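Structure data (compact mmCIF, C-alpha atoms) from start.txt:
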# COMPACT_ATOMS: atom_id res chain seq x y z
CA MET F 1 117.02 210.03 63.35
CA HIS F 2 114.15 210.33 65.62
CA THR F 3 114.60 209.02 69.11
CA VAL F 4 111.61 206.68 68.79
CA THR F 5 113.16 205.33 65.69
CA LYS F 6 116.35 204.68 67.52
CA PHE F 7 114.47 202.99 70.25
CA LEU F 8 112.62 200.86 67.76
CA VAL F 9 115.85 199.93 66.05
CA VAL F 10 117.38 198.90 69.32
CA LEU F 11 114.27 196.98 70.22
CA ALA F 12 114.22 195.27 66.81
CA ALA F 13 117.85 194.30 67.24
CA VAL F 14 117.15 192.83 70.63
CA PHE F 15 114.16 190.88 69.30
CA GLY F 16 116.19 189.74 66.33
CA ILE F 17 119.01 188.49 68.49
CA GLY F 18 116.56 186.72 70.82
CA LEU F 19 114.65 185.20 67.97
CA SER F 20 117.76 183.94 66.28
CA SER F 21 119.13 182.44 69.49
CA LEU F 22 115.80 180.76 70.18
CA THR F 23 115.73 179.43 66.65
CA ILE F 24 119.25 178.05 66.95
CA ALA F 25 118.49 176.37 70.26
CA PHE F 26 115.27 174.98 68.92
CA ALA F 27 116.96 173.66 65.80
CA ILE F 28 119.74 171.94 67.75
CA ASN F 29 117.38 170.38 70.26
CA ASN F 30 114.96 169.45 67.52
CA ARG F 31 117.72 167.65 65.64
CA ALA F 32 118.67 165.73 68.81
CA VAL F 33 115.04 164.85 69.36
CA LEU F 34 114.65 163.69 65.77
CA THR F 35 117.86 161.67 65.98
CA ASP F 36 116.64 160.01 69.13
CA TYR F 37 113.25 159.53 67.53
CA ASP F 38 114.86 157.75 64.59
CA ARG F 39 116.86 155.61 66.96
CA LEU F 40 113.72 154.79 68.84
CA LEU F 41 111.94 153.96 65.61
CA SER F 42 114.76 151.60 64.66
CA ALA F 43 114.69 150.05 68.11
CA ASN F 44 110.93 149.78 67.87
CA ALA F 45 111.20 148.06 64.51
CA ALA F 46 113.79 145.68 65.89
CA LEU F 47 111.58 145.05 68.89
CA GLN F 48 108.57 144.45 66.66
CA ALA F 49 110.59 142.01 64.54
CA ARG F 50 111.76 140.27 67.65
CA GLU F 51 108.22 140.34 68.95
CA GLN F 52 106.92 138.77 65.76
CA GLU F 53 109.68 136.21 65.87
CA ALA F 54 108.92 135.54 69.52
CA ALA F 55 105.22 135.36 68.68
CA ALA F 56 105.92 132.86 65.92
CA SER F 57 108.18 130.90 68.23
CA ALA F 58 105.56 131.12 70.96
CA ALA F 59 102.89 129.91 68.53
CA ALA F 60 105.08 127.00 67.49
CA GLU F 61 105.86 126.31 71.13
CA ALA F 62 102.16 126.56 71.97
CA ASP F 63 101.33 124.17 69.15
CA ARG F 64 104.00 121.79 70.33
CA LEU F 65 102.77 122.12 73.90
CA ARG F 66 99.22 121.48 72.71
CA ARG F 67 100.34 118.33 70.97
CA GLU F 68 102.26 117.30 74.05
CA GLN F 69 99.19 118.12 76.12
CA ASP F 70 97.05 115.93 73.89
CA ALA F 71 99.61 113.17 74.09
CA LEU F 72 99.78 113.57 77.85
CA ARG F 73 96.00 113.50 78.08
CA GLN F 74 95.99 110.29 76.11
CA GLN F 75 98.69 108.96 78.38
CA ILE F 76 96.64 110.05 81.38
CA SER F 77 93.61 108.26 79.99
CA ALA F 78 95.67 105.16 79.34
CA SER F 79 97.24 105.48 82.76
CA GLU F 80 93.81 105.82 84.37
CA ALA F 81 92.62 102.71 82.55
CA GLU F 82 95.81 100.94 83.60
CA LEU F 83 95.31 102.25 87.12
CA LEU F 84 91.78 100.86 87.19
CA ARG F 85 93.03 97.55 85.89
CA LEU F 86 95.86 97.54 88.42
CA ARG F 87 93.42 98.40 91.19
CA GLY F 88 91.32 95.44 90.13
CA ASP F 89 94.42 93.29 90.07
CA GLY F 90 95.40 94.68 93.46
CA ALA F 91 92.02 93.82 94.89
CA GLU F 92 92.26 90.35 93.45
CA LEU F 93 95.77 89.97 94.79
CA ARG F 94 94.60 91.16 98.19
CA ARG F 95 91.88 88.52 98.13
CA ASP F 96 94.44 85.93 97.08
CA LYS F 97 96.73 87.13 99.83
CA LEU F 98 93.94 86.82 102.37
CA THR F 99 93.16 83.34 101.11
CA ALA F 100 96.84 82.47 101.17
CA ASN F 101 97.12 83.80 104.72
CA GLN F 102 94.19 81.67 105.74
CA GLN F 103 95.78 78.67 104.05
CA VAL F 104 99.06 79.48 105.75
CA THR F 105 97.26 79.63 109.09
CA THR F 106 95.56 76.33 108.34
CA LEU F 107 98.86 74.80 107.26
CA GLN F 108 100.57 76.13 110.35
CA ASN F 109 97.86 74.56 112.47
CA GLN F 110 98.26 71.33 110.56
CA ILE F 111 102.03 71.58 110.93
CA SER F 112 101.59 72.11 114.67
CA GLN F 113 99.28 69.11 114.83
CA LEU F 114 101.72 67.08 112.75
CA ASN F 115 104.56 68.18 115.00
CA GLU F 116 102.55 67.11 118.00
CA THR F 117 101.70 63.85 116.26
CA THR F 118 105.36 63.39 115.33
CA ARG F 119 106.36 64.01 118.92
CA MET F 120 103.79 61.51 120.09
CA LEU F 121 104.91 59.03 117.44
CA THR F 122 108.50 59.57 118.52
CA GLU F 123 107.53 58.87 122.09
CA LEU F 124 105.53 55.83 120.98
CA SER F 125 108.45 54.72 118.83
CA ASP F 126 110.78 55.06 121.79
CA ARG F 127 108.36 53.17 123.97
CA PHE F 128 107.88 50.61 121.22
CA ALA F 129 111.65 50.23 120.85
CA ALA F 130 111.95 49.76 124.60
CA GLU F 131 109.11 47.25 124.59
CA VAL F 132 110.59 45.47 121.58
CA THR F 133 113.89 45.29 123.37
CA GLU F 134 112.15 43.94 126.42
CA LEU F 135 110.07 41.54 124.34
CA ARG F 136 113.15 40.36 122.52
CA GLY F 137 114.71 39.59 125.83
CA THR F 138 111.54 37.82 126.88
CA GLU F 139 111.40 36.02 123.51
CA LEU F 140 114.95 34.86 123.93
CA ALA F 141 114.09 33.59 127.37
CA LEU F 142 110.95 31.90 125.99
CA ARG F 143 112.88 30.35 123.15
CA GLN F 144 115.42 29.09 125.56
CA ASN F 145 112.53 27.73 127.63
CA GLU F 146 110.99 26.24 124.45
CA ILE F 147 114.25 24.58 123.62
CA ASP F 148 114.36 23.16 127.10
CA LEU F 149 110.72 22.04 126.78
CA LEU F 150 111.39 20.47 123.36
CA ASP F 151 114.27 18.61 124.84
CA ARG F 152 112.03 17.43 127.61
CA ILE F 153 109.27 16.54 125.11
CA SER F 154 111.81 14.57 123.14
CA ASP F 155 112.80 12.78 126.29
CA LEU F 156 109.14 12.16 127.15
CA GLN F 157 108.43 10.93 123.61
CA SER F 158 111.32 8.55 123.87
CA ASN F 159 109.98 7.34 127.17
CA ASN F 160 106.47 7.19 125.64
CA GLU F 161 107.69 5.14 122.72
CA ALA F 162 109.47 2.84 125.07
CA LEU F 163 106.40 2.52 127.25
CA THR F 164 104.18 2.08 124.16
CA ALA F 165 106.42 -0.71 122.98
CA THR F 166 106.25 -2.17 126.43
CA VAL F 167 102.42 -1.91 126.44
CA ARG F 168 102.24 -3.47 123.00
CA GLY F 169 104.42 -6.33 124.09
CA LEU F 170 102.32 -6.77 127.20
CA ARG F 171 99.10 -6.74 125.11
CA GLU F 172 100.55 -9.30 122.79
CA GLN F 173 101.49 -11.41 125.75
CA ILE F 174 97.99 -10.98 127.19
CA ALA F 175 96.38 -11.87 123.89
CA ARG F 176 98.64 -14.84 123.48
CA MET F 177 97.89 -15.96 126.99
CA GLU F 178 94.18 -15.54 126.37
CA ASN F 179 94.42 -17.57 123.17
CA ASP F 180 96.50 -20.15 124.88
CA GLY F 181 94.32 -20.28 128.01
CA GLY F 182 90.70 -19.92 126.82
CA GLY F 183 90.87 -21.27 123.34
CA GLU F 184 88.06 -18.97 122.31
CA GLY F 185 88.01 -16.33 119.58
CA GLU F 186 90.05 -16.26 116.49
CA ALA F 187 93.74 -16.81 116.48
CA MET F 188 95.41 -13.38 116.32
CA ALA F 189 99.09 -13.52 115.73
CA GLY F 190 101.50 -10.76 114.82
CA SER F 191 100.79 -7.07 115.23
CA PRO F 192 97.70 -5.85 117.03
CA ASP F 193 94.64 -5.69 114.82
CA ILE F 194 91.40 -3.73 114.99
CA THR F 195 89.86 -6.85 116.40
CA THR F 196 91.60 -5.86 119.56
CA PHE F 197 89.35 -3.52 121.49
CA VAL F 198 90.70 0.01 121.39
CA THR F 199 89.10 3.20 122.48
CA GLY F 200 89.98 6.74 121.65
CA MET F 201 88.60 10.22 121.18
CA ILE F 202 87.86 12.60 118.33
CA MET F 203 90.44 15.39 118.38
CA GLU F 204 88.90 17.64 115.78
CA THR F 205 86.26 17.67 113.02
CA GLU F 206 85.76 19.67 109.89
CA ARG F 207 83.45 19.70 106.86
CA ASP F 208 84.91 19.49 103.37
CA ALA F 209 83.60 21.05 100.14
CA SER F 210 81.39 18.05 99.33
CA GLY F 211 79.63 18.32 102.69
CA ALA F 212 81.22 15.22 104.18
CA THR F 213 82.40 15.43 107.76
CA LEU F 214 86.08 14.68 108.33
CA ALA F 215 87.50 13.83 111.73
CA ARG F 216 90.81 13.07 113.40
CA VAL F 217 91.13 10.58 116.23
CA ASP F 218 93.96 9.95 118.67
CA LEU F 219 94.37 6.31 117.55
CA GLY F 220 96.94 5.24 114.98
CA THR F 221 98.74 2.33 113.47
CA GLU F 222 100.12 1.51 116.90
CA ASP F 223 96.54 0.83 117.88
CA GLY F 224 95.94 -1.41 114.87
CA LEU F 225 94.25 1.16 112.64
CA SER F 226 94.81 1.19 108.92
CA ARG F 227 93.08 2.50 105.80
CA GLY F 228 89.62 0.94 105.38
CA LYS F 229 89.13 0.08 109.06
CA ARG F 230 85.91 1.24 110.71
CA LEU F 231 85.28 2.52 114.24
CA PHE F 232 82.09 3.40 116.07
CA ILE F 233 81.52 6.91 117.30
CA ILE F 234 79.86 6.98 120.73
CA ARG F 235 78.69 10.05 122.65
CA ASN F 236 78.33 9.83 126.38
CA GLU F 237 75.46 12.05 127.49
CA GLY F 238 74.92 11.87 131.25
CA GLY F 239 75.77 8.20 131.44
CA ASN F 240 73.76 7.29 128.34
CA ARG F 241 75.86 6.22 125.41
CA ARG F 242 74.43 7.10 122.02
CA LEU F 243 75.71 5.99 118.64
CA VAL F 244 76.67 8.97 116.47
CA GLY F 245 77.96 7.13 113.40
CA HIS F 246 80.83 5.31 111.78
CA PHE F 247 84.39 6.53 111.38
CA ASN F 248 85.98 5.12 108.23
CA VAL F 249 89.77 5.39 108.33
CA GLU F 250 91.26 7.11 105.26
CA SER F 251 94.80 7.53 106.48
CA ALA F 252 96.59 6.42 109.63
CA ASP F 253 99.74 7.66 111.24
CA LEU F 254 101.59 6.20 114.18
CA GLN F 255 99.45 7.86 116.86
CA PHE F 256 96.47 9.39 115.00
CA ALA F 257 94.22 8.65 112.10
CA GLU F 258 91.98 10.68 109.79
CA GLY F 259 88.80 9.54 108.12
CA VAL F 260 85.28 10.25 106.99
CA VAL F 261 82.29 10.19 109.33
CA ASN F 262 79.09 8.42 108.28
CA THR F 263 76.23 9.63 110.47
CA LEU F 264 73.97 6.77 109.32
CA GLY F 265 71.02 9.15 109.15
CA LEU F 266 70.85 9.47 112.93
CA GLY F 267 70.84 13.27 112.83
CA LEU F 268 73.79 13.69 115.20
CA THR F 269 76.92 15.64 114.24
CA PRO F 270 80.24 14.31 115.51
CA GLN F 271 82.19 16.75 117.60
CA ARG F 272 85.39 17.01 119.52
CA GLY F 273 85.37 14.76 122.58
CA ASP F 274 83.19 12.01 121.13
CA ILE F 275 84.51 8.51 121.87
CA VAL F 276 85.61 6.12 119.16
CA VAL F 277 85.62 2.39 119.92
CA SER F 278 86.45 -0.64 117.86
CA ASP F 279 83.69 -2.77 119.31
CA ILE F 280 80.38 -1.31 120.34
CA ARG F 281 79.52 -4.40 122.34
CA ARG F 282 82.04 -3.70 125.08
CA MET S 1 122.90 221.16 51.43
CA SER S 2 120.58 220.29 54.16
CA GLN S 3 121.68 216.78 54.02
CA TYR S 4 125.06 217.90 55.19
CA GLY S 5 123.56 219.95 58.05
CA MET S 6 124.33 223.18 56.55
CA GLN S 7 121.92 226.01 57.13
CA MET S 8 121.53 228.27 54.30
CA PRO S 9 120.50 231.84 54.90
CA GLY S 10 116.90 232.47 54.20
CA GLY S 11 116.10 228.89 54.34
CA ARG S 12 113.45 227.45 56.27
CA ALA S 13 113.87 227.04 59.85
CA ASN S 14 115.50 223.68 60.80
CA ARG S 15 112.78 221.35 62.08
CA GLY S 16 113.25 218.05 64.10
CA PRO S 17 113.08 214.53 62.52
CA SER S 18 109.61 213.14 61.98
CA MET S 19 108.16 209.56 62.10
CA GLY S 20 107.78 208.08 58.66
CA VAL S 21 106.94 204.82 56.84
CA ILE S 22 110.22 203.38 57.87
CA ASP S 23 109.31 203.72 61.47
CA ALA S 24 105.94 202.08 60.86
CA LEU S 25 107.60 199.18 59.12
CA LEU S 26 110.13 198.97 61.91
CA LEU S 27 107.38 198.87 64.45
CA LEU S 28 105.56 196.14 62.48
CA ALA S 29 108.79 194.14 62.34
CA ILE S 30 109.21 194.54 66.05
CA VAL S 31 105.71 193.30 66.69
CA ALA S 32 106.19 190.32 64.34
CA MET S 33 109.49 189.43 65.98
CA GLY S 34 107.81 189.68 69.35
CA PHE S 35 105.20 187.16 68.36
CA GLY S 36 107.93 185.03 66.79
CA CYS S 37 109.94 185.18 69.98
CA TYR S 38 106.93 184.18 72.02
CA PHE S 39 106.06 181.12 69.96
CA MET S 40 109.70 180.17 69.39
CA TYR S 41 110.28 180.42 73.12
CA GLN S 42 107.50 177.96 73.75
CA ALA S 43 108.73 175.60 71.00
CA ALA S 44 112.34 175.77 72.19
CA ALA S 45 111.22 175.23 75.76
CA SER S 46 109.23 172.18 74.71
CA VAL S 47 112.31 170.47 73.16
CA SER S 48 114.77 171.51 75.87
CA PRO S 49 115.71 169.08 78.71
CA ASP S 50 114.41 171.20 81.59
CA GLY S 51 112.08 173.74 80.02
CA GLN S 52 114.79 176.31 79.46
CA PRO S 53 114.85 177.23 75.76
CA TRP S 54 118.59 177.70 75.64
CA GLN S 55 119.42 174.45 77.47
CA MET S 56 120.97 171.98 74.93
CA GLN S 57 120.23 168.24 74.68
CA ASP S 58 123.05 165.78 75.19
CA ASN S 59 124.87 164.91 71.95
CA ASP S 60 125.44 161.27 72.99
CA PRO S 61 123.20 159.20 70.68
CA SER S 62 123.22 156.25 73.07
CA THR S 63 121.35 158.21 75.72
CA PRO S 64 117.75 159.18 75.05
CA VAL S 65 116.70 162.80 74.91
CA VAL S 66 115.04 164.33 77.96
CA LEU S 67 112.00 166.56 77.39
CA SER S 68 110.43 168.94 79.86
CA GLU S 69 107.17 167.89 81.34

Output the file's structure in the form of structure tokens.
Amino acid sequence: MHTVTKFLVVLAAVFGIGLSSLTIAFAINNRAVLTDYDRLLSANAALQAREQEAAASAAAEADRLRREQDALRQQISASEAELLRLRGDGAELRRDKLTANQQVTTLQNQISQLNETTRMLTELSDRFAAEVTELRGTELALRQNEIDLLDRISDLQSNNEALTATVRGLREQIARMENDGGGEGEAMAGSPDITTFVTGMIMETERDASGATLARVDLGTEDGLSRGKRLFIIRNEGGNRRLVGHFNVESADLQFAEGVVNTLGLGLTPQRGDIVVSDIRR
Amino acid sequence: MSQYGMQMPGGRANRGPSMGVIDALLLLAIVAMGFGCYFMYQAAASVSPDGQPWQMQDNDPSTPVVLSE
């Protein structure tokens, strides 16, 4: 065998061994790569399925969120309308509060005034109670004095009646003596009559519904007056005596009489203080 | 008898071996295997973990393969 041939054979063997070893290594690594590639494909498929599922879930979630967003927007719109209405109500309530505060201030002022008035009334009531107490004491004293005066008046009336009886008896005696001594005039026996000259005074006058003038005089049955008797009303003006009218007795008591005044067309009105006489000639 | 190395008398003088068709074919095979080694080297290096053609990938399927950059 030629030497070159030997060399070529050796070289071919070396190349063959190298090529086979490279092929083996490549095949093993290629199988590992393909296995891993298949695993990655499976993982990729699983991931894509999960991604699709997640996408579907996300779409459903997005749809649900959109619906919730729409609902929330509607709620926001309703809430804004409610907020506007509540703001209006708040403004109105603030105005009412301001008005109420003003009223409260006014009422407080009024309460203060009323308290002051109450305090003043309390003071006045206390003063009034003190005065009433004092006046009651004074009234008791006055009543006691009145009782004493009434007792004295009663005593004086008793004395007056006694003196009146005495005067009447004396008048009767005088009249009897005059009748017995002079023999003139009419015989007047018994109780004093209006023929006896009496003089008195008008105590008060008044006008009734018919326009007639009524009067009361300080003469009574003790002075011989009785219903139907007539007296003359005289007014003394600076020493001049003027006839005012007639006094016709309507009712007579013991010491006063009431009757109707007849002015006789003289134009004079009887008044308190005018003199009444039984005989105008005296 | 030449095939047994025997030299007959009067025979031609013994000449050295000469290159023939077999050598040409052997040379062609060597060239082809050289190209094959070159390309296979590059392919094996591309699927090896660190660029070394004879470096093996890990057999654990849970870990991913590592390729040379």

Using only C-alpha atoms, find each residue of chain S with at least one atom at most 6 Å away from an atom of chain F; report its shortest atom-to-atom pair and that distance in Å (one decimal), sort the rows by chain and rising residue number, and return the result as a tab-separated table.
residue	atom	partner	partner_atom	distance
S:Pro17	CA	F:His2	CA	5.3
S:Asp23	CA	F:Thr5	CA	5.9
S:Ile30	CA	F:Ala12	CA	5.1
S:Met33	CA	F:Phe15	CA	5.9
S:Cys37	CA	F:Leu19	CA	5.1
S:Ala44	CA	F:Phe26	CA	4.5
S:Val47	CA	F:Asn29	CA	5.8
S:Trp54	CA	F:Ala25	CA	5.5
S:Gln57	CA	F:Asn29	CA	5.7

Quick one: distance from CA of Leu98 in chain F to CA of Leu84 in chain F in Å, one decimal?
20.8 Å

Just give me the gap between CA of Phe232 in chain F and CA of Thr196 in chain F in Å, one decimal is fine.
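Value for the CA of Phe232 in chain F-CA of Thr196 in chain F distance: 13.7 Å.
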
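With CA of Ile202 in chain F on one side and CA of Val244 in chain F on the other, the separation reads 11.9 Å.
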
For Gln55 in chain S, which of S:Leu67, S:Met40, S:Val31, S:Leu25 is the closest residue, counting all atoms listed in the file?
S:Leu67

Env of Thr199 in chain F: 7 Å cut, atoms = only C-alpha atoms, seq-sep filter 5 positions within chain, self excluded. Answer as a list in words.
Val276, Val277 and Ser278 of chain F

Let me make sure I understand: among F:Gly200, F:Gly137, F:Gly267, F:Gly220, which one has the smallest atom-to-atom distance to Ser251 in chain F if we use only C-alpha atoms?
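Nearest to Ser251 in chain F: F:Gly220.
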
For Ile234 in chain F, please output as a PyMOL selection string all residues within 6 Å (counting all atoms listed in the file; exclusion window: fewer than 3 positions along the same chain).
chain F and resi 242-244+275
